[in-house]
Amino acid sequence: MADTSAPRPRINKLVVAYLVVVHALAASAFFLPVPPYALPIALCVYVSIGLGTTVGLHRRICHHAFDCPRWVEYALVTVAMLTGQGSPLLWAATHRIHHAHSDAPGDIHSPQRGFWYAHLGWILDDDSTGAEDWKTWCRDIVEHRYYHWLLRYRLVPQVVTVVVLGFVLGWEALPACFFLPMVSWMHSTYLVNSASHLPRLGGRPNATRDQSTNVWWVSVLALGEGWHNNHHAYPASARHGWTWWQWDPGWLFIRLLELLGLAWDVRVPTRREGEARGTT
Ligand SMILES: [Zn+2]
Ligand SMILES: [Zn+2]
């Protein structure tokens with residue numbers, strides 16, 4: 001049930017314009033000739049942005065679920081930023097506030113304010129976040145000059161990629177090869193905030209204080225992020241899918257990095273912690 005006492009959102013017209021443009025470009029893929037190589041490239045773009053987001057932004061930066069060389073972290077973050085969503089300073093601040101106030105007053109994107117507000121509305125709402133929240137919530141990453149640079153030039157990774165792909169693949173191929181997978185990923189990750197906080201859509205094996213839910217189809221789309229009740233029960237775990245059948249490509253990618261010597265101190269729930277939560 002949506003909270004009708006919540007204040008009216010203060011819509012940011014620049015953000016609306018950006019989202020209208022990228023959605024229109026994505027939709028144009030269905031009206032333009034699609035080159036034969038579009039599908040593998042689109043899949044590659046989708047998975048790359050997805051892993052950059054779930055592994056780099058979420059599990060590494062927000063939760064310190066593993067450690068890695070700085071260049072690996074920067075590479076993951078740069079690919080995640082192809083959606084034009086800004087700096088990890090903004091992303092981590094928003095996400096840490098969400099964990100601190102999940103589905104309670106103060107949560108930035110809870111379905112308590114309605115599904116669509118949790119999915120997309122909060123991004124359009126200037127009052128949902130503070131431009132300087134990162135000063136309070138991101139002291140551990142505040143020394144990274146690259147993240148401050150991204151704060152000022154948030155669209156640079158996206159614009160550079162679009163120009164390079166345009167010259168290499170042809171401008172007509174951009175909607176199918178870049179904008180459609182990019183916008184699709186954006187909605188997959190938005191579903192973690194909306195669908196994965198609706199108990200009627202999945203299971204809640206862990207008795208967390210919020211409404212977080214394990215939704216298998218969100219995990220398929222969002223590369224493992226849909227095991228969101230597991231994540232709220234143990235936010236520092238690099239592994240969100242805790243059993244063999246819980247599809248979690250983000251975890252598989254971290255294991256691959258570990259095998260290559262590019263990730264260490266990988267954190268997972270201990271058996272005792274699992275037993276304490278009744279999950280093992
Ligand atoms: Zn959540
Ligand atoms: Zn989290």
# chains A, B, ... in the order shown; residues from 1 in each chain; ligands from 1
$ residues_near_ligand --ligand "ligand 1" --cutoff "7 Å" --atoms "only C-alpha atoms and all ligand atoms" --output "MDAnalysis selection string"
chainID A and resid 98:99 102 192:193 197 212 228 232
$ residues_near_ligand --ligand "ligand 2" --cutoff "9 Å" --atoms "only C-alpha atoms and all ligand atoms" --output "list of chain:residue names"
A:His58, A:Arg59, A:Cys62, A:His63, A:Ala92, A:His95, A:Arg96, A:His98, A:His99, A:His228, A:His231, A:His232, A:Pro235, A:Ala236
$ write_last_selection --atoms "N, CA and C atoms" --output "mmCIF file, in the first residue's frame"
data_model
loop_
_atom_site.group_PDB
_atom_site.id
_atom_site.type_symbol
_atom_site.label_atom_id
_atom_site.label_comp_id
_atom_site.auth_asym_id
_atom_site.auth_seq_id
_atom_site.Cartn_x
_atom_site.Cartn_y
_atom_site.Cartn_z
ATOM 1 N N HIS A 58 28.205 -2.218 -6.249
ATOM 2 C CA HIS A 58 27.448 -2.719 -5.105
ATOM 3 C C HIS A 58 28.313 -3.542 -4.142
ATOM 4 N N ARG A 59 28.823 -4.684 -4.643
ATOM 5 C CA ARG A 59 29.485 -5.603 -3.713
ATOM 6 C C ARG A 59 30.864 -5.097 -3.273
ATOM 7 N N CYS A 62 30.199 -0.450 -2.139
ATOM 8 C CA CYS A 62 29.219 -0.196 -1.069
ATOM 9 C C CYS A 62 29.451 -1.082 0.148
ATOM 10 N N HIS A 63 29.779 -2.354 -0.085
ATOM 11 C CA HIS A 63 29.776 -3.301 1.035
ATOM 12 C C HIS A 63 31.140 -3.911 1.359
ATOM 13 N N ALA A 92 26.802 4.996 -3.793
ATOM 14 C CA ALA A 92 27.046 4.361 -2.495
ATOM 15 C C ALA A 92 26.280 5.077 -1.381
ATOM 16 N N HIS A 95 22.683 4.009 -1.583
ATOM 17 C CA HIS A 95 22.493 2.607 -1.222
ATOM 18 C C HIS A 95 22.706 2.371 0.278
ATOM 19 N N ARG A 96 23.669 3.051 0.841
ATOM 20 C CA ARG A 96 23.912 2.869 2.283
ATOM 21 C C ARG A 96 22.764 3.452 3.109
ATOM 22 N N HIS A 98 19.724 3.436 2.068
ATOM 23 C CA HIS A 98 18.679 2.410 1.908
ATOM 24 C C HIS A 98 18.864 1.280 2.922
ATOM 25 N N HIS A 99 20.098 0.820 3.098
ATOM 26 C CA HIS A 99 20.328 -0.264 4.063
ATOM 27 C C HIS A 99 20.075 0.199 5.498
ATOM 28 N N HIS A 228 17.549 -10.719 -2.834
ATOM 29 C CA HIS A 228 17.711 -9.481 -2.084
ATOM 30 C C HIS A 228 17.456 -9.669 -0.594
ATOM 31 N N HIS A 231 20.615 -10.793 0.670
ATOM 32 C CA HIS A 231 21.544 -9.662 0.738
ATOM 33 C C HIS A 231 21.278 -8.792 1.965
ATOM 34 N N HIS A 232 20.016 -8.522 2.268
ATOM 35 C CA HIS A 232 19.731 -7.703 3.453
ATOM 36 C C HIS A 232 20.078 -8.446 4.742
ATOM 37 N N PRO A 235 24.587 -8.223 4.297
ATOM 38 C CA PRO A 235 24.974 -7.284 3.237
ATOM 39 C C PRO A 235 26.432 -7.392 2.810
ATOM 40 N N ALA A 236 27.303 -7.837 3.709
ATOM 41 C CA ALA A 236 28.732 -7.859 3.372
ATOM 42 C C ALA A 236 29.133 -9.095 2.579
#
$ residues_around --residues "Leu32 in chain A" --least-positions-apart "3" --cutoff "8 Å" --atoms "only C-alpha atoms" --output "ChimeraX atom specification"
/A:28-29,172
$ select_by_dssp --residues "range 6-213 of chain A" --states "helix (DSSP H, G or I)" --output "count of residues only"
139
$ residues_around --residues "range 135-149 of chain A" --least-positions-apart "2" --cutoff "9 Å" --atoms "only C-alpha atoms" --output "PDB file with all heavy atoms, in the first residue's frame"
ATOM      1  N   ILE A  61      32.320  -1.625  -3.706  1.00  0.00           N
ATOM      2  CA  ILE A  61      32.418  -0.285  -3.120  1.00  0.00           C
ATOM      3  C   ILE A  61      31.451  -0.100  -1.950  1.00  0.00           C
ATOM      4  O   ILE A  61      31.836   0.364  -0.880  1.00  0.00           O
ATOM      5  CB  ILE A  61      32.193   0.787  -4.204  1.00  0.00           C
ATOM      6  CG1 ILE A  61      33.382   0.775  -5.160  1.00  0.00           C
ATOM      7  CG2 ILE A  61      32.011   2.172  -3.583  1.00  0.00           C
ATOM      8  CD1 ILE A  61      33.309   1.781  -6.266  1.00  0.00           C
ATOM      9  N   CYS A  62      30.199  -0.450  -2.139  1.00  0.00           N
ATOM     10  CA  CYS A  62      29.219  -0.196  -1.069  1.00  0.00           C
ATOM     11  C   CYS A  62      29.451  -1.082   0.148  1.00  0.00           C
ATOM     12  O   CYS A  62      29.304  -0.616   1.274  1.00  0.00           O
ATOM     13  CB  CYS A  62      27.797  -0.445  -1.570  1.00  0.00           C
ATOM     14  SG  CYS A  62      27.215   0.849  -2.637  1.00  0.00           S
ATOM     15  N   TYR A  74      38.347   0.516 -10.623  1.00  0.00           N
ATOM     16  CA  TYR A  74      38.073   1.647 -11.520  1.00  0.00           C
ATOM     17  C   TYR A  74      37.492   1.163 -12.852  1.00  0.00           C
ATOM     18  O   TYR A  74      36.614   1.821 -13.426  1.00  0.00           O
ATOM     19  CB  TYR A  74      39.357   2.453 -11.772  1.00  0.00           C
ATOM     20  CG  TYR A  74      39.759   3.369 -10.641  1.00  0.00           C
ATOM     21  CD1 TYR A  74      39.090   3.354  -9.422  1.00  0.00           C
ATOM     22  CD2 TYR A  74      40.811   4.255 -10.788  1.00  0.00           C
ATOM     23  CE1 TYR A  74      39.470   4.182  -8.379  1.00  0.00           C
ATOM     24  CE2 TYR A  74      41.194   5.104  -9.739  1.00  0.00           C
ATOM     25  CZ  TYR A  74      40.523   5.056  -8.536  1.00  0.00           C
ATOM     26  OH  TYR A  74      40.889   5.879  -7.510  1.00  0.00           O
ATOM     27  N   SER A  87      28.494   9.402 -10.066  1.00  0.00           N
ATOM     28  CA  SER A  87      29.681   8.884  -9.390  1.00  0.00           C
ATOM     29  C   SER A  87      29.321   7.801  -8.371  1.00  0.00           C
ATOM     30  O   SER A  87      28.217   7.800  -7.825  1.00  0.00           O
ATOM     31  CB  SER A  87      30.353  10.044  -8.674  1.00  0.00           C
ATOM     32  OG  SER A  87      31.318   9.571  -7.777  1.00  0.00           O
ATOM     33  N   PRO A  88      30.272   6.898  -8.083  1.00  0.00           N
ATOM     34  CA  PRO A  88      30.059   5.957  -6.974  1.00  0.00           C
ATOM     35  C   PRO A  88      29.753   6.681  -5.665  1.00  0.00           C
ATOM     36  O   PRO A  88      29.120   6.111  -4.783  1.00  0.00           O
ATOM     37  CB  PRO A  88      31.395   5.217  -6.872  1.00  0.00           C
ATOM     38  CG  PRO A  88      32.038   5.376  -8.185  1.00  0.00           C
ATOM     39  CD  PRO A  88      31.566   6.685  -8.755  1.00  0.00           C
ATOM     40  N   LEU A  89      30.196   7.934  -5.541  1.00  0.00           N
ATOM     41  CA  LEU A  89      29.898   8.679  -4.306  1.00  0.00           C
ATOM     42  C   LEU A  89      28.392   8.834  -4.135  1.00  0.00           C
ATOM     43  O   LEU A  89      27.859   8.724  -3.025  1.00  0.00           O
ATOM     44  CB  LEU A  89      30.565  10.056  -4.348  1.00  0.00           C
ATOM     45  CG  LEU A  89      32.101  10.057  -4.252  1.00  0.00           C
ATOM     46  CD1 LEU A  89      32.662  11.417  -4.641  1.00  0.00           C
ATOM     47  CD2 LEU A  89      32.555   9.665  -2.847  1.00  0.00           C
ATOM     48  N   LEU A  90      27.671   9.087  -5.232  1.00  0.00           N
ATOM     49  CA  LEU A  90      26.214   9.226  -5.160  1.00  0.00           C
ATOM     50  C   LEU A  90      25.565   7.860  -4.970  1.00  0.00           C
ATOM     51  O   LEU A  90      24.658   7.680  -4.155  1.00  0.00           O
ATOM     52  CB  LEU A  90      25.672   9.876  -6.437  1.00  0.00           C
ATOM     53  CG  LEU A  90      26.226  11.257  -6.789  1.00  0.00           C
ATOM     54  CD1 LEU A  90      25.635  11.742  -8.101  1.00  0.00           C
ATOM     55  CD2 LEU A  90      25.902  12.241  -5.670  1.00  0.00           C
ATOM     56  N   ALA A  92      26.802   4.996  -3.793  1.00  0.00           N
ATOM     57  CA  ALA A  92      27.046   4.361  -2.495  1.00  0.00           C
ATOM     58  C   ALA A  92      26.280   5.077  -1.381  1.00  0.00           C
ATOM     59  O   ALA A  92      25.745   4.435  -0.473  1.00  0.00           O
ATOM     60  CB  ALA A  92      28.546   4.350  -2.187  1.00  0.00           C
ATOM     61  N   ALA A  93      26.201   6.403  -1.455  1.00  0.00           N
ATOM     62  CA  ALA A  93      25.464   7.135  -0.411  1.00  0.00           C
ATOM     63  C   ALA A  93      23.997   6.714  -0.415  1.00  0.00           C
ATOM     64  O   ALA A  93      23.425   6.376   0.628  1.00  0.00           O
ATOM     65  CB  ALA A  93      25.597   8.640  -0.634  1.00  0.00           C
ATOM     66  N   THR A  94      23.389   6.722  -1.607  1.00  0.00           N
ATOM     67  CA  THR A  94      21.982   6.317  -1.726  1.00  0.00           C
ATOM     68  C   THR A  94      21.771   4.904  -1.201  1.00  0.00           C
ATOM     69  O   THR A  94      20.846   4.627  -0.434  1.00  0.00           O
ATOM     70  CB  THR A  94      21.549   6.380  -3.208  1.00  0.00           C
ATOM     71  OG1 THR A  94      21.685   7.728  -3.662  1.00  0.00           O
ATOM     72  CG2 THR A  94      20.119   5.922  -3.391  1.00  0.00           C
ATOM     73  N   ARG A  96      23.669   3.051   0.841  1.00  0.00           N
ATOM     74  CA  ARG A  96      23.912   2.869   2.283  1.00  0.00           C
ATOM     75  C   ARG A  96      22.764   3.452   3.109  1.00  0.00           C
ATOM     76  O   ARG A  96      22.407   2.907   4.160  1.00  0.00           O
ATOM     77  CB  ARG A  96      25.253   3.506   2.661  1.00  0.00           C
ATOM     78  CG  ARG A  96      26.423   2.673   2.146  1.00  0.00           C
ATOM     79  CD  ARG A  96      27.748   3.356   2.315  1.00  0.00           C
ATOM     80  NE  ARG A  96      28.837   2.497   1.858  1.00  0.00           N
ATOM     81  CZ  ARG A  96      30.113   2.870   1.800  1.00  0.00           C
ATOM     82  NH1 ARG A  96      30.465   4.100   2.178  1.00  0.00           N
ATOM     83  NH2 ARG A  96      31.034   2.043   1.367  1.00  0.00           N
ATOM     84  N   ILE A  97      22.179   4.547   2.639  1.00  0.00           N
ATOM     85  CA  ILE A  97      20.995   5.095   3.333  1.00  0.00           C
ATOM     86  C   ILE A  97      19.851   4.082   3.243  1.00  0.00           C
ATOM     87  O   ILE A  97      19.124   3.858   4.214  1.00  0.00           O
ATOM     88  CB  ILE A  97      20.593   6.453   2.715  1.00  0.00           C
ATOM     89  CG1 ILE A  97      21.666   7.507   3.007  1.00  0.00           C
ATOM     90  CG2 ILE A  97      19.246   6.913   3.261  1.00  0.00           C
ATOM     91  CD1 ILE A  97      21.497   8.815   2.249  1.00  0.00           C
ATOM     92  N   GLU A 132      24.918  16.238  -1.203  1.00  0.00           N
ATOM     93  CA  GLU A 132      26.146  16.059  -0.418  1.00  0.00           C
ATOM     94  C   GLU A 132      26.015  14.932   0.608  1.00  0.00           C
ATOM     95  O   GLU A 132      26.781  14.883   1.583  1.00  0.00           O
ATOM     96  CB  GLU A 132      26.527  17.383   0.249  1.00  0.00           C
ATOM     97  CG  GLU A 132      26.779  18.480  -0.799  1.00  0.00           C
ATOM     98  CD  GLU A 132      27.556  19.656  -0.254  1.00  0.00           C
ATOM     99  OE1 GLU A 132      27.491  19.885   0.967  1.00  0.00           O
ATOM    100  OE2 GLU A 132      28.216  20.342  -1.053  1.00  0.00           O
ATOM    101  N   ASP A 133      25.065  14.026   0.373  1.00  0.00           N
ATOM    102  CA  ASP A 133      24.927  12.873   1.276  1.00  0.00           C
ATOM    103  C   ASP A 133      26.235  12.094   1.383  1.00  0.00           C
ATOM    104  O   ASP A 133      26.542  11.506   2.432  1.00  0.00           O
ATOM    105  CB  ASP A 133      23.828  11.923   0.765  1.00  0.00           C
ATOM    106  CG  ASP A 133      22.435  12.473   1.031  1.00  0.00           C
ATOM    107  OD1 ASP A 133      22.302  13.385   1.868  1.00  0.00           O
ATOM    108  OD2 ASP A 133      21.483  11.995   0.376  1.00  0.00           O
ATOM    109  N   LEU A 151      31.886  12.780 -10.494  1.00  0.00           N
ATOM    110  CA  LEU A 151      30.796  13.594  -9.947  1.00  0.00           C
ATOM    111  C   LEU A 151      30.548  14.818 -10.840  1.00  0.00           C
ATOM    112  O   LEU A 151      29.412  15.239 -11.038  1.00  0.00           O
ATOM    113  CB  LEU A 151      31.203  14.041  -8.542  1.00  0.00           C
ATOM    114  CG  LEU A 151      30.131  14.326  -7.496  1.00  0.00           C
ATOM    115  CD1 LEU A 151      29.156  13.191  -7.343  1.00  0.00           C
ATOM    116  CD2 LEU A 151      30.806  14.636  -6.156  1.00  0.00           C
ATOM    117  N   ARG A 152      31.621  15.379 -11.411  1.00  0.00           N
ATOM    118  CA  ARG A 152      31.502  16.577 -12.250  1.00  0.00           C
ATOM    119  C   ARG A 152      31.225  16.223 -13.708  1.00  0.00           C
ATOM    120  O   ARG A 152      30.564  16.980 -14.414  1.00  0.00           O
ATOM    121  CB  ARG A 152      32.792  17.397 -12.189  1.00  0.00           C
ATOM    122  CG  ARG A 152      33.067  17.985 -10.830  1.00  0.00           C
ATOM    123  CD  ARG A 152      34.245  18.920 -10.863  1.00  0.00           C
ATOM    124  NE  ARG A 152      33.969  20.104 -11.669  1.00  0.00           N
ATOM    125  CZ  ARG A 152      34.842  21.074 -11.857  1.00  0.00           C
ATOM    126  NH1 ARG A 152      36.038  20.990 -11.342  1.00  0.00           N
ATOM    127  NH2 ARG A 152      34.533  22.119 -12.590  1.00  0.00           N
ATOM    128  N   TYR A 153      31.778  15.114 -14.172  1.00  0.00           N
ATOM    129  CA  TYR A 153      31.693  14.766 -15.603  1.00  0.00           C
ATOM    130  C   TYR A 153      31.023  13.404 -15.767  1.00  0.00           C
ATOM    131  O   TYR A 153      31.581  12.493 -16.370  1.00  0.00           O
ATOM    132  CB  TYR A 153      33.086  14.767 -16.225  1.00  0.00           C
ATOM    133  CG  TYR A 153      33.811  16.079 -16.041  1.00  0.00           C
ATOM    134  CD1 TYR A 153      34.862  16.189 -15.133  1.00  0.00           C
ATOM    135  CD2 TYR A 153      33.434  17.214 -16.752  1.00  0.00           C
ATOM    136  CE1 TYR A 153      35.527  17.401 -14.946  1.00  0.00           C
ATOM    137  CE2 TYR A 153      34.087  18.431 -16.575  1.00  0.00           C
ATOM    138  CZ  TYR A 153      35.135  18.517 -15.667  1.00  0.00           C
ATOM    139  OH  TYR A 153      35.788  19.714 -15.487  1.00  0.00           O
ATOM    140  N   ARG A 154      29.835  13.276 -15.246  1.00  0.00           N
ATOM    141  CA  ARG A 154      29.205  11.963 -15.154  1.00  0.00           C
ATOM    142  C   ARG A 154      28.889  11.334 -16.506  1.00  0.00           C
ATOM    143  O   ARG A 154      28.804  10.123 -16.633  1.00  0.00           O
ATOM    144  CB  ARG A 154      27.925  12.041 -14.318  1.00  0.00           C
ATOM    145  CG  ARG A 154      26.849  12.934 -14.936  1.00  0.00           C
ATOM    146  CD  ARG A 154      25.512  12.706 -14.268  1.00  0.00           C
ATOM    147  NE  ARG A 154      25.528  13.025 -12.851  1.00  0.00           N
ATOM    148  CZ  ARG A 154      24.522  12.770 -12.033  1.00  0.00           C
ATOM    149  NH1 ARG A 154      23.446  12.163 -12.494  1.00  0.00           N
ATOM    150  NH2 ARG A 154      24.572  13.125 -10.777  1.00  0.00           N
TER     151      ARG A 154
END
$ atom_distance --atom1 "CA of His240 in chain A" --atom2 "CA of Phe179 in chain A"
27.8 Å
$ residues_around --residues "Trp116 in chain A" --least-positions-apart "6" --cutoff "12 Å" --atoms "only C-alpha atoms" --output "list in words"
Met1, Ala2, His109, Ser110, Trp122, Ile123, Leu124, Asp125, His187, Tyr190, Leu191, Asn193, Ser194 and Ala195 of chain A
